[in-house]
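The structure file model.tsv is reproduced below (TSV, C-alpha atoms).
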```
chain	number	residue	atom	x	y	z
A	1	MET	CA	-25.74	-14.18	29.45
A	2	THR	CA	-22.60	-12.42	28.21
A	3	ASP	CA	-20.38	-15.26	29.43
A	4	PHE	CA	-22.50	-18.15	28.14
A	5	ASP	CA	-20.22	-20.89	26.77
A	6	GLN	CA	-21.74	-23.01	24.02
A	7	ARG	CA	-19.05	-25.71	24.15
A	8	LEU	CA	-19.60	-28.78	26.32
A	9	ASP	CA	-16.69	-30.29	28.20
A	10	ALA	CA	-14.97	-33.64	27.75
A	11	ALA	CA	-16.81	-35.21	30.68
A	12	PHE	CA	-20.12	-34.71	28.85
A	13	TYR	CA	-18.90	-36.65	25.82
A	14	ASP	CA	-17.57	-39.40	28.05
A	15	ARG	CA	-21.08	-39.85	29.47
A	16	VAL	CA	-22.61	-39.81	25.99
A	17	GLN	CA	-20.21	-42.50	24.84
A	18	GLN	CA	-20.94	-44.62	27.91
A	19	ARG	CA	-24.68	-44.37	27.19
A	20	VAL	CA	-24.12	-45.60	23.63
A	21	LEU	CA	-21.75	-48.36	24.77
A	22	ALA	CA	-24.43	-49.67	27.12
A	23	ARG	CA	-26.90	-49.83	24.24
A	24	MET	CA	-24.30	-51.60	22.09
A	25	GLU	CA	-23.89	-54.23	24.79
A	26	GLU	CA	-27.66	-54.72	24.97
A	27	GLU	CA	-27.77	-55.35	21.20
A	28	GLY	CA	-24.66	-57.54	21.18
A	29	PHE	CA	-22.44	-55.37	18.97
A	30	ASP	CA	-18.65	-55.52	18.98
A	31	ALA	CA	-18.47	-52.11	17.32
A	32	PHE	CA	-20.70	-49.40	15.88
A	33	LEU	CA	-20.26	-47.23	12.78
A	34	THR	CA	-22.02	-43.96	11.97
A	35	ASP	CA	-21.32	-41.17	9.51
A	36	HIS	CA	-24.29	-38.96	10.38
A	37	PRO	CA	-23.03	-35.43	11.18
A	38	GLU	CA	-25.42	-35.11	14.12
A	39	ASP	CA	-24.29	-38.46	15.60
A	40	ILE	CA	-20.68	-37.37	15.22
A	41	ALA	CA	-21.36	-34.10	17.00
A	42	TYR	CA	-23.27	-35.95	19.73
A	43	LEU	CA	-20.49	-38.48	20.34
A	44	THR	CA	-17.43	-36.25	20.01
A	45	GLY	CA	-18.33	-32.55	19.84
A	46	PHE	CA	-17.05	-32.25	16.26
A	47	PHE	CA	-19.34	-30.12	14.10
A	48	HIS	CA	-18.52	-30.07	10.39
A	49	HIS	CA	-19.87	-29.42	6.94
A	50	PRO	CA	-20.61	-32.83	5.36
A	51	SER	CA	-19.35	-33.48	1.85
A	52	GLU	CA	-18.38	-36.36	-0.42
A	53	ARG	CA	-15.34	-36.94	1.81
A	54	PRO	CA	-16.53	-39.31	4.56
A	55	VAL	CA	-16.33	-38.45	8.22
A	56	ALA	CA	-17.30	-41.39	10.43
A	57	ILE	CA	-17.14	-42.65	14.00
A	58	TRP	CA	-16.11	-46.19	14.95
A	59	LEU	CA	-17.06	-47.00	18.53
A	60	ASP	CA	-15.47	-50.20	19.82
A	61	ALA	CA	-17.06	-52.26	22.59
A	62	SER	CA	-13.88	-51.70	24.64
A	63	GLY	CA	-14.75	-48.00	24.77
A	64	ALA	CA	-12.25	-46.77	22.19
A	65	VAL	CA	-13.67	-44.09	19.89
A	66	THR	CA	-12.05	-43.52	16.50
A	67	MET	CA	-12.96	-40.75	14.08
A	68	LEU	CA	-12.21	-41.20	10.40
A	69	LEU	CA	-11.88	-37.95	8.47
A	70	PRO	CA	-10.00	-36.38	5.55
A	71	GLU	CA	-6.62	-34.86	6.35
A	72	LEU	CA	-7.97	-31.41	5.51
A	73	GLU	CA	-10.35	-31.68	8.51
A	74	ARG	CA	-7.76	-32.84	11.08
A	75	GLU	CA	-6.82	-29.44	12.48
A	76	TYR	CA	-10.44	-28.31	12.50
A	77	ALA	CA	-11.43	-31.37	14.54
A	78	GLN	CA	-8.52	-30.78	16.89
A	79	SER	CA	-9.53	-27.13	17.31
A	80	GLN	CA	-12.89	-28.36	18.64
A	81	ALA	CA	-11.18	-30.74	21.11
A	82	SER	CA	-13.08	-33.61	19.51
A	83	ARG	CA	-13.42	-36.52	21.96
A	84	ALA	CA	-11.97	-39.28	19.73
A	85	GLU	CA	-8.75	-40.62	18.29
A	86	ILE	CA	-8.37	-39.12	14.82
A	87	ILE	CA	-7.51	-41.29	11.82
A	88	ALA	CA	-7.09	-39.29	8.62
A	89	PHE	CA	-7.01	-40.31	4.95
A	90	PRO	CA	-5.17	-38.13	2.38
A	91	GLU	CA	-7.99	-37.41	-0.05
A	92	TYR	CA	-11.15	-38.81	-1.61
A	93	PRO	CA	-11.60	-41.16	-3.44
A	94	GLY	CA	-7.94	-41.91	-2.69
A	95	ILE	CA	-5.51	-44.61	-3.78
A	96	VAL	CA	-6.37	-46.35	-0.50
A	97	PRO	CA	-10.13	-46.01	0.10
A	98	PRO	CA	-11.07	-44.09	3.29
A	99	PHE	CA	-12.76	-47.06	4.99
A	100	ALA	CA	-9.72	-49.21	4.26
A	101	VAL	CA	-7.71	-46.64	6.24
A	102	LEU	CA	-10.18	-47.07	9.10
A	103	ALA	CA	-10.06	-50.87	8.89
A	104	ARG	CA	-6.27	-50.86	9.30
A	105	ALA	CA	-6.52	-48.66	12.41
A	106	VAL	CA	-9.22	-50.40	14.47
A	107	PRO	CA	-9.48	-53.91	15.95
A	108	SER	CA	-11.37	-56.44	13.87
A	109	ALA	CA	-14.99	-56.85	14.91
A	110	ARG	CA	-17.37	-59.67	14.09
A	111	ARG	CA	-20.74	-57.97	14.64
A	112	VAL	CA	-20.84	-54.30	13.68
A	113	GLY	CA	-23.90	-52.11	14.05
A	114	PHE	CA	-24.36	-49.21	11.67
A	115	ALA	CA	-26.66	-46.19	11.70
A	116	THR	CA	-29.69	-46.63	9.46
A	117	THR	CA	-29.05	-43.14	8.07
A	118	MET	CA	-25.79	-44.28	6.46
A	119	PRO	CA	-25.78	-43.93	2.64
A	120	TYR	CA	-25.69	-47.20	0.74
A	121	GLN	CA	-22.50	-46.26	-1.10
A	122	ARG	CA	-20.60	-45.78	2.16
A	123	LEU	CA	-22.04	-48.93	3.68
A	124	VAL	CA	-20.80	-50.92	0.68
A	125	ALA	CA	-17.36	-49.29	1.00
A	126	ALA	CA	-17.19	-50.20	4.71
A	127	ARG	CA	-18.22	-53.81	4.04
A	128	GLU	CA	-15.61	-54.18	1.29
A	129	SER	CA	-12.91	-52.88	3.61
A	130	MET	CA	-13.99	-55.17	6.49
A	131	PRO	CA	-14.99	-58.47	4.85
A	132	GLY	CA	-14.80	-60.37	8.16
A	133	SER	CA	-17.48	-58.20	9.79
A	134	VAL	CA	-21.24	-58.66	9.70
A	135	PHE	CA	-22.96	-55.27	9.43
A	136	THR	CA	-26.39	-54.93	11.06
A	137	PRO	CA	-28.58	-51.80	10.94
A	138	SER	CA	-29.53	-50.23	14.27
A	139	GLU	CA	-31.10	-47.02	15.55
A	140	LEU	CA	-29.41	-47.24	18.93
A	141	ILE	CA	-27.71	-43.84	18.65
A	142	THR	CA	-30.95	-42.25	17.43
A	143	HIS	CA	-32.72	-43.66	20.49
A	144	ALA	CA	-29.84	-42.66	22.79
A	145	ARG	CA	-30.33	-39.05	21.65
A	146	TYR	CA	-34.02	-38.96	22.66
A	147	VAL	CA	-33.48	-38.09	26.33
A	148	LYS	CA	-31.32	-35.03	26.84
A	149	PHE	CA	-28.56	-34.72	29.42
A	150	PRO	CA	-28.87	-31.72	31.79
A	151	GLU	CA	-26.13	-29.85	29.90
A	152	GLU	CA	-28.13	-30.20	26.70
A	153	VAL	CA	-31.26	-28.83	28.37
A	154	VAL	CA	-29.28	-25.72	29.34
A	155	LEU	CA	-28.41	-25.21	25.66
A	156	HIS	CA	-32.02	-25.74	24.59
A	157	ARG	CA	-33.21	-23.20	27.16
A	158	GLU	CA	-30.80	-20.59	25.88
A	159	ALA	CA	-31.83	-21.30	22.29
A	160	ALA	CA	-35.45	-20.80	23.37
A	161	ARG	CA	-34.59	-17.44	24.94
A	162	ILE	CA	-32.97	-16.29	21.72
A	163	THR	CA	-35.87	-17.61	19.61
A	164	ASP	CA	-38.29	-15.54	21.70
A	165	ARG	CA	-36.05	-12.51	21.12
A	166	MET	CA	-36.12	-13.21	17.37
A	167	LEU	CA	-39.92	-13.22	17.42
A	168	GLU	CA	-39.86	-9.91	19.29
A	169	ALA	CA	-37.41	-8.49	16.76
A	170	GLY	CA	-39.65	-9.54	13.87
A	171	VAL	CA	-42.72	-7.91	15.38
A	172	ARG	CA	-40.76	-4.75	16.18
A	173	PHE	CA	-39.51	-4.60	12.57
A	174	VAL	CA	-43.09	-4.64	11.29
A	175	THR	CA	-44.48	-2.22	13.89
A	176	ASP	CA	-41.65	0.23	13.19
A	177	ALA	CA	-42.55	0.11	9.50
A	178	VAL	CA	-46.21	0.77	10.36
A	179	SER	CA	-45.27	3.70	12.63
A	180	SER	CA	-43.02	5.27	10.00
A	181	GLY	CA	-45.81	5.27	7.43
A	182	GLY	CA	-43.50	3.79	4.81
A	183	GLU	CA	-43.66	0.50	2.94
A	184	LEU	CA	-44.16	-2.66	4.93
A	185	PRO	CA	-41.31	-5.19	4.63
A	186	THR	CA	-41.25	-8.08	2.23
A	187	GLU	CA	-41.15	-11.63	3.57
A	188	ALA	CA	-37.48	-11.86	2.54
A	189	GLU	CA	-36.57	-8.60	4.27
A	190	LEU	CA	-38.31	-9.73	7.44
A	191	GLU	CA	-36.54	-13.11	7.31
A	192	ARG	CA	-33.12	-11.45	6.92
A	193	HIS	CA	-33.84	-9.17	9.87
A	194	VAL	CA	-34.82	-11.93	12.31
A	195	THR	CA	-31.92	-14.12	11.19
A	196	ALA	CA	-29.45	-11.30	11.81
A	197	SER	CA	-30.98	-10.55	15.20
A	198	GLY	CA	-30.66	-14.17	16.36
A	199	SER	CA	-27.11	-14.80	15.18
A	200	GLY	CA	-26.07	-11.33	16.31
A	201	LEU	CA	-27.29	-12.03	19.84
A	202	MET	CA	-25.22	-15.19	20.01
A	203	TYR	CA	-22.01	-13.59	18.82
A	204	ALA	CA	-22.54	-10.64	21.19
A	205	GLU	CA	-23.43	-12.67	24.28
A	206	HIS	CA	-21.81	-16.12	23.91
A	207	ARG	CA	-18.36	-17.65	23.86
A	208	ASN	CA	-17.38	-20.51	21.51
A	209	VAL	CA	-20.38	-20.19	19.20
A	210	VAL	CA	-21.00	-23.59	17.61
A	211	VAL	CA	-22.02	-23.20	13.97
A	212	ALA	CA	-24.60	-25.87	13.21
A	213	SER	CA	-26.50	-26.49	9.96
A	214	LEU	CA	-28.70	-23.50	10.83
A	215	LEU	CA	-27.42	-21.01	13.39
A	216	ALA	CA	-30.54	-18.85	13.37
A	217	GLY	CA	-33.38	-18.17	10.96
A	218	GLY	CA	-36.55	-19.72	9.72
A	219	LEU	CA	-39.54	-19.28	7.45
A	220	VAL	CA	-41.41	-16.02	7.03
A	221	TYR	CA	-44.52	-15.93	4.86
A	222	SER	CA	-47.70	-13.95	4.50
A	223	GLY	CA	-51.16	-14.11	2.98
A	224	ALA	CA	-51.78	-16.98	0.59
A	225	ASN	CA	-48.07	-17.89	0.64
A	226	SER	CA	-48.45	-18.94	4.28
A	227	ALA	CA	-50.93	-21.63	3.21
A	228	PHE	CA	-47.89	-23.65	2.11
A	229	PRO	CA	-46.68	-25.27	5.38
A	230	HIS	CA	-43.01	-24.92	4.38
A	231	GLY	CA	-43.24	-22.11	1.87
A	232	LEU	CA	-40.00	-20.17	1.46
A	233	PRO	CA	-39.80	-16.40	2.02
A	234	SER	CA	-40.57	-14.45	-1.14
A	235	VAL	CA	-40.48	-10.85	-2.28
A	236	ASN	CA	-44.19	-10.53	-1.43
A	237	ARG	CA	-44.67	-7.39	0.60
A	238	LEU	CA	-46.86	-7.55	3.73
A	239	GLN	CA	-50.26	-5.92	3.20
A	240	PRO	CA	-52.86	-4.55	5.64
A	241	GLY	CA	-55.22	-7.36	6.64
A	242	ASP	CA	-52.65	-10.08	6.01
A	243	THR	CA	-52.21	-13.15	8.12
A	244	PHE	CA	-48.45	-13.73	8.37
A	245	MET	CA	-46.31	-16.31	10.09
A	246	LEU	CA	-42.92	-16.13	11.80
A	247	SER	CA	-41.59	-19.69	11.93
A	248	LEU	CA	-38.26	-19.17	13.66
A	249	GLY	CA	-35.57	-21.03	15.52
A	250	CYS	CA	-31.90	-21.28	16.32
A	251	ALA	CA	-29.25	-23.67	17.59
A	252	VAL	CA	-27.12	-22.99	20.66
A	253	GLY	CA	-24.24	-25.42	21.07
A	254	GLY	CA	-25.82	-27.32	18.19
A	255	ARG	CA	-29.09	-27.85	20.11
A	256	PHE	CA	-32.13	-26.58	18.27
A	257	ILE	CA	-35.31	-24.84	19.31
A	258	GLU	CA	-38.23	-23.65	17.23
A	259	GLY	CA	-40.91	-21.11	18.06
A	260	GLU	CA	-43.67	-20.12	15.68
A	261	ARG	CA	-46.46	-17.57	15.89
A	262	THR	CA	-49.17	-16.45	13.46
A	263	PHE	CA	-49.97	-12.73	13.33
A	264	VAL	CA	-52.68	-10.58	11.80
A	265	LEU	CA	-51.84	-7.16	10.41
A	266	GLY	CA	-54.79	-4.97	11.38
A	267	GLU	CA	-58.16	-5.79	12.92
A	268	PRO	CA	-58.81	-9.54	12.51
A	269	THR	CA	-61.86	-10.66	10.57
A	270	ALA	CA	-64.27	-13.18	12.08
A	271	GLN	CA	-62.74	-15.82	9.80
A	272	GLN	CA	-59.19	-15.05	10.93
A	273	ARG	CA	-60.26	-15.15	14.55
A	274	ARG	CA	-61.97	-18.52	14.12
A	275	TYR	CA	-58.92	-20.06	12.50
A	276	HIS	CA	-56.43	-18.60	14.96
A	277	ASP	CA	-58.51	-19.40	18.07
A	278	THR	CA	-58.94	-23.01	16.93
A	279	ILE	CA	-55.21	-23.49	16.52
A	280	ARG	CA	-54.60	-21.83	19.86
A	281	ARG	CA	-56.97	-24.30	21.58
A	282	ALA	CA	-55.36	-27.27	19.85
A	283	GLN	CA	-51.89	-26.09	20.82
A	284	GLN	CA	-53.00	-25.59	24.42
A	285	ILE	CA	-54.39	-29.13	24.57
A	286	GLY	CA	-51.11	-30.33	23.10
A	287	GLN	CA	-49.19	-28.61	25.88
A	288	GLU	CA	-51.50	-29.95	28.61
A	289	THR	CA	-51.44	-33.57	27.44
A	290	ILE	CA	-47.75	-34.11	26.61
A	291	ARG	CA	-46.31	-36.11	29.52
A	292	PRO	CA	-44.13	-39.14	30.32
A	293	GLY	CA	-45.84	-42.43	29.54
A	294	LEU	CA	-48.02	-41.03	26.74
A	295	GLU	CA	-47.47	-42.52	23.29
A	296	CYS	CA	-46.55	-40.05	20.56
A	297	ARG	CA	-49.48	-41.19	18.43
A	298	GLU	CA	-51.92	-40.52	21.28
A	299	ALA	CA	-50.49	-37.04	21.88
A	300	ASN	CA	-51.00	-36.34	18.18
A	301	ARG	CA	-54.59	-37.61	18.26
A	302	LEU	CA	-55.58	-35.54	21.29
A	303	CYS	CA	-54.12	-32.38	19.80
A	304	LEU	CA	-55.47	-32.64	16.25
A	305	GLU	CA	-58.90	-33.79	17.42
A	306	VAL	CA	-59.54	-30.21	18.54
A	307	ILE	CA	-59.18	-29.04	14.94
A	308	ARG	CA	-61.42	-31.79	13.60
A	309	GLU	CA	-64.11	-31.10	16.19
A	310	ALA	CA	-64.07	-27.45	15.11
A	311	GLY	CA	-64.97	-28.55	11.58
A	312	LEU	CA	-61.58	-27.61	10.13
A	313	GLY	CA	-60.07	-31.08	9.66
A	314	GLU	CA	-59.90	-30.65	5.88
A	315	PHE	CA	-57.19	-28.01	6.39
A	316	ILE	CA	-54.83	-30.23	8.43
A	317	ARG	CA	-51.62	-30.91	6.50
A	318	HIS	CA	-49.27	-32.36	9.10
A	319	ARG	CA	-48.74	-34.03	12.47
A	320	GLN	CA	-48.67	-32.33	15.86
A	321	GLY	CA	-44.90	-32.28	16.12
A	322	HIS	CA	-41.52	-33.97	16.23
A	323	GLY	CA	-38.43	-34.44	18.32
A	324	ILE	CA	-35.80	-31.69	18.52
A	325	GLY	CA	-32.16	-31.98	19.48
A	326	LEU	CA	-29.06	-31.84	17.30
A	327	GLY	CA	-31.54	-31.81	14.43
A	328	MET	CA	-34.37	-29.33	14.02
A	329	HIS	CA	-36.52	-32.29	12.97
A	330	GLU	CA	-35.67	-35.69	14.43
A	331	PRO	CA	-37.47	-38.66	15.96
A	332	PRO	CA	-39.64	-39.37	17.79
A	333	TRP	CA	-42.56	-38.12	15.72
A	334	LEU	CA	-45.83	-36.94	17.30
A	335	GLU	CA	-47.85	-38.62	14.58
A	336	ASP	CA	-50.35	-41.46	14.21
A	337	GLY	CA	-47.69	-43.93	13.09
A	338	ASP	CA	-45.25	-43.51	15.99
A	339	ALA	CA	-45.92	-45.56	19.13
A	340	THR	CA	-42.83	-44.26	20.95
A	341	THR	CA	-43.55	-43.53	24.61
A	342	LEU	CA	-42.63	-40.03	25.73
A	343	GLU	CA	-40.03	-39.83	28.50
A	344	SER	CA	-38.88	-37.11	30.86
A	345	GLY	CA	-35.96	-35.25	29.27
A	346	MET	CA	-37.21	-35.41	25.68
A	347	VAL	CA	-37.67	-32.17	23.74
A	348	VAL	CA	-40.49	-32.15	21.18
A	349	SER	CA	-42.35	-29.54	19.16
A	350	ASN	CA	-46.03	-28.83	19.70
A	351	GLU	CA	-47.15	-27.21	16.44
A	352	PRO	CA	-50.66	-27.93	15.17
A	353	GLY	CA	-51.60	-25.97	12.08
A	354	ILE	CA	-54.23	-25.46	9.43
A	355	TYR	CA	-53.66	-24.26	5.88
A	356	VAL	CA	-56.50	-22.71	3.87
A	357	PRO	CA	-55.61	-22.61	0.15
A	358	GLY	CA	-55.74	-19.13	-1.31
A	359	HIS	CA	-56.16	-17.54	2.12
A	360	ALA	CA	-53.43	-18.29	4.70
A	361	GLY	CA	-51.88	-20.73	7.13
A	362	TYR	CA	-52.21	-20.69	10.92
A	363	ARG	CA	-49.65	-22.43	13.13
A	364	ILE	CA	-48.44	-21.94	16.70
A	365	SER	CA	-45.38	-23.87	17.83
A	366	ASP	CA	-43.47	-24.20	21.06
A	367	SER	CA	-40.57	-26.46	21.90
A	368	MET	CA	-41.61	-28.59	24.86
A	369	LEU	CA	-39.37	-30.18	27.50
A	370	VAL	CA	-41.04	-33.33	28.79
A	371	THR	CA	-40.79	-33.21	32.60
A	372	ALA	CA	-41.42	-35.73	35.38
A	373	ASP	CA	-45.13	-34.88	35.53
A	374	GLY	CA	-45.97	-33.07	32.28
A	375	ALA	CA	-44.24	-30.70	29.89
A	376	GLU	CA	-42.78	-27.21	29.95
A	377	ALA	CA	-42.92	-24.81	27.01
A	378	LEU	CA	-39.37	-23.54	26.56
A	379	THR	CA	-40.45	-20.82	24.14
A	380	THR	CA	-42.74	-18.29	25.81
A	381	TYR	CA	-43.75	-15.59	23.32
A	382	PRO	CA	-47.50	-14.81	23.77
A	383	ARG	CA	-49.84	-17.02	21.73
A	384	SER	CA	-53.34	-15.47	21.73
A	385	LEU	CA	-54.66	-13.59	18.71
A	386	ASP	CA	-54.99	-10.40	20.75
A	387	ASP	CA	-51.26	-10.65	21.53
A	388	CYS	CA	-50.47	-11.49	17.91
A	389	THR	CA	-52.43	-8.63	16.29
A	390	ILE	CA	-50.41	-5.71	14.94
A	391	ALA	CA	-52.51	-2.55	14.93
A	392	LEU	CA	-52.48	-0.29	11.88
```
As C-alpha cells, what does this structure read like?
Amino acid sequence: MTDFDQRLDAAFYDRVQQRVLARMEEEGFDAFLTDHPEDIAYLTGFFHHPSERPVAIWLDASGAVTMLLPELEREYAQSQASRAEIIAFPEYPGIVPPFAVLARAVPSARRVGFATTMPYQRLVAARESMPGSVFTPSELITHARYVKFPEEVVLHREAARITDRMLEAGVRFVTDAVSSGGELPTEAELERHVTASGSGLMYAEHRNVVVASLLAGGLVYSGANSAFPHGLPSVNRLQPGDTFMLSLGCAVGGRFIEGERTFVLGEPTAQQRRYHDTIRRAQQIGQETIRPGLECREANRLCLEVIREAGLGEFIRHRQGHGIGLGMHEPPWLEDGDATTLESGMVVSNEPGIYVPGHAGYRISDSMLVTADGAEALTTYPRSLDDCTIAL
C-alpha cells in the first residue's frame, strides 16, 4: 500500500458531474447551486475548511461548472486540480457581494435548484444577486452521492483497512499497559494513540493525503461514560472490570469508514456477557439482512427487534445505522422514518447499541458495502466477546 494515491483523476469528476447533470435534467433545472463542502468535494475534488467566506458550485445545464471562492483560496483550489472554472471575489463581505460576482460570471438561468443544506443567509444573498431566477430546493446531489463509483469503493476499502489497524493499535496499547504492570491509559490517552496510529499510517503509506474534516480518530470511553452514545473521551482511567468502547474511523481520499468494538477488561460478568452477546446477535442480523431492494426502515426494524426480543429494548438510544461517504454521517438513514430503498453500491453503517445508565454502553459497528445480492462488511476486526476480552 506504500504507493496508494488518495487523489482521484479528472475523468472521475467528469462522470460525477454527468450523473448530476442527468438528475438536473430529470427535475427540469437550468442550473444548480450548492455550497456544502462535501458536495463541492464530490463535484470538483476541492477539499477546504468552510468559513464565513462562501465557496459554492454553480452547475449549468450546458455542463459548465463554476466554482465561486474567495481570492485567498484560489491557489489552494488550483493545487488540488479542482475540476471547475474558478471565479474569485476579493474578500467577504466585500464591496461587491460574493454572489453578485458569481451572477456576473455565469449565464442567466430561469429555474435554479439549490441544495437543501444551504444556509438561509446565503440563499437570500444568491436570490438578491439573481432576481430573474426562481430558486427551488432539491436533494438531487445528496441522492446522487448514495451509490458510490468504483473508485470511491477503493477509497472506502482502504479506509476500512486502516480503521481495523487503529482498532488493533488501541487494543495493543491497553494490553501493553497491562503487561507492564503500570497504570492503564486514560480515555484521552487511548484516543490520542489511535488517532496518531491512523493518520501516521496514511502519511507513511499514501501519496496525496486528502485532509477531510476528520482524517482519523473517534470516540473512546469506558465504564459509565460509555453509556453516553456520543460521550467524548475524558481523563477517566481504564479500570479492571471495565466495559470500554473504541468507536473509530478515518477518511481516505475524503471517503469515510467507521468501525466500532466494545471490549471488557478482565473476565466478563454474566451481565456483561448478556449485553455484549445480544448486541453481537443484532449486528449479525443487520449484516445478514442488508441487501438491495430492502427499505432502510425495514433493515432497522429487523436489526433492533433482536434487542427488544432479548428484553433490552429500554436501553436502545438510536437507529441501526446511516449512510457513509464524504460525510461520516449522511443519508440514507437506517431508521424507522426512512423509506429509502437500499441499492448496490451504497455504503452504510450497521451499529446497533444499548446504553445502560450508570453501567456502560455496548455497540458493534461495521461499514457495509451493499452488493448485488447482500452486503459486505468492509471492517473486519473480530466481534465476539471472547475476541474482545482483554485478559488481566
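Going from atom CA of A:Arg172 to atom CA of A:Ser247 covers 15.6 Å.
If all atoms listed in the file are the atoms counted, then among A:Gly337, A:Gly358, A:Gly132, A:Gly313 the closest residue to A:Ala227 is A:Gly358.
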Each residue of stretch 54-122 of chain A with at least one atom at most 9 Å from stretch 26-33 of chain A should appear once, together with its nearest atom pair and the corresponding distance in Å (one decimal); atoms considered: all atoms listed in the file; ordering: chain, then increasing residue number; output as CSV.
```
residue,atom,partner,partner_atom,distance
A:Ala56,CA,A:Leu33,CA,7.0
A:Ile57,CA,A:Leu33,CA,5.7
A:Trp58,CA,A:Leu33,CA,4.8
A:Leu59,CA,A:Phe32,CA,5.1
A:Asp60,CA,A:Ala31,CA,4.3
A:Ala61,CA,A:Asp30,CA,5.1
A:Ser62,CA,A:Asp30,CA,8.3
A:Ser108,CA,A:Asp30,CA,8.9
A:Ala109,CA,A:Asp30,CA,5.6
A:Arg110,CA,A:Asp30,CA,6.5
A:Arg111,CA,A:Phe29,CA,5.3
A:Val112,CA,A:Ala31,CA,4.9
A:Gly113,CA,A:Phe32,CA,4.6
A:Phe114,CA,A:Leu33,CA,4.7
A:Ala115,CA,A:Leu33,CA,6.6
A:Met118,CA,A:Leu33,CA,8.9
```
So, counting only C-alpha atoms, which residue among A:Glu38, A:Pro240, A:Asp277, A:Gly345 is closest to A:Thr175?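 Of the candidates, the smallest distance to A:Thr175 is held by A:Pro240.
The spacing separating atom CA of A:Ala251 from atom CA of A:Ser213 amounts to 8.6 Å.
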I want to know what sits within 8 Å of A:Glu91, based on only C-alpha atoms, with residues of the same chain fewer than 4 positions away left out; could you give that as a count of residues only? 3
Looking at A:Ala160, A:Ala196, A:Ala177, A:Met202, which one is nearest to A:Ala377, with distances taken over all atoms listed in the file?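 Closest to A:Ala377 of all the choices is A:Ala160.
Going from atom CA of A:His318 to atom CA of A:Pro119 covers 27.0 Å.
Minimum atom-to-atom distances from A:Gly286, A:Asp39, A:Phe89, A:Thr379 to A:Glu330 were compared using all atoms listed in the file, and the lowest value belongs to A:Asp39.
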Could you check which residues have any atom within 9 Å of (-31.6, -30.5, 25.7), counting all atoms listed in the file with coordinates taken straight from the file, and then list them as a list in words?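 Counting all atoms listed in the file, I find these residues within 9 Å of (-31.6, -30.5, 25.7): Val147, Lys148, Phe149, Pro150, Glu151, Glu152, Val153, Val154, Leu155, His156, Arg157, Arg255, Phe256, Ile324, Gly325, Leu326, Gly345, Met346, Val347 and Leu369 of chain A.
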Which residue, A:Leu392, A:Cys250, A:Val178, A:Leu69, has the smallest gap to A:His48 when you use all atoms listed in the file?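 Using all atoms listed in the file, the shortest distance to A:His48 belongs to A:Leu69.
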My list of candidates is A:Arg383, A:Asp5, A:Glu73, A:Ser179. Which is closest to A:Glu205 when distances are computed with only C-alpha atoms?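 Checking each candidate against A:Glu205, we get A:Asp5 as the closest.
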In file coordinates, which residues lie within 10 Å of (-34.5, -9.3, 14.1) using all atoms listed in the file, given as a list in words?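 Output of the proximity query reads Arg165, Met166, Leu167, Glu168, Ala169, Gly170, Val171, Arg172, Phe173, Leu190, Glu191, Arg192, His193, Val194, Thr195, Ala196, Ser197, Gly198, Ser199, Gly200, Leu201 and Gly217 of chain A.
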Contact residues around A:Val211 with all atoms listed in the file at 8 Å, ignoring same-chain residues under 5 positions, as a PyMOL selection string: chain A and resi 47+253-254
Build an axis-aligned box that encloses every atom of stretch 153-162 of chain A listed in the file, pad it by 6 Å on each side, and report its centre and edge lengths in Å to one decimal, as lines of an AutoDock Vina configuration file.
```
center_x = -31.9
center_y = -22.6
center_z = 25.5
size_x = 19.0
size_y = 24.5
size_z = 19.6
```
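By chain and then residue number, the residues within 6 Å of stretch 339-343 of chain A are Pro292, Gly293, Leu294, Glu295, Cys296, Arg297 and Met346 of chain A, counting only C-alpha atoms and disregarding those fewer than 2 positions away in sequence.
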Residues within 12 Å of A:Gln271, please, as a PDB file with C-alpha atoms, in the coordinates of the input. Count only C-alpha atoms; anything in the same chain fewer than 4 positions from it doesn't count.
```pdb
ATOM      1  CA  GLY A 241     -55.220  -7.360   6.640  1.00  0.00           C
ATOM      2  CA  THR A 243     -52.210 -13.150   8.120  1.00  0.00           C
ATOM      3  CA  VAL A 264     -52.680 -10.580  11.800  1.00  0.00           C
ATOM      4  CA  GLU A 267     -58.160  -5.790  12.920  1.00  0.00           C
ATOM      5  CA  TYR A 275     -58.920 -20.060  12.500  1.00  0.00           C
ATOM      6  CA  HIS A 276     -56.430 -18.600  14.960  1.00  0.00           C
ATOM      7  CA  ASP A 277     -58.510 -19.400  18.070  1.00  0.00           C
ATOM      8  CA  THR A 278     -58.940 -23.010  16.930  1.00  0.00           C
ATOM      9  CA  LEU A 312     -61.580 -27.610  10.130  1.00  0.00           C
ATOM     10  CA  VAL A 356     -56.500 -22.710   3.870  1.00  0.00           C
ATOM     11  CA  HIS A 359     -56.160 -17.540   2.120  1.00  0.00           C
ATOM     12  CA  ALA A 360     -53.430 -18.290   4.700  1.00  0.00           C
ATOM     13  CA  TYR A 362     -52.210 -20.690  10.920  1.00  0.00           C
TER      14      TYR A 362
END
```
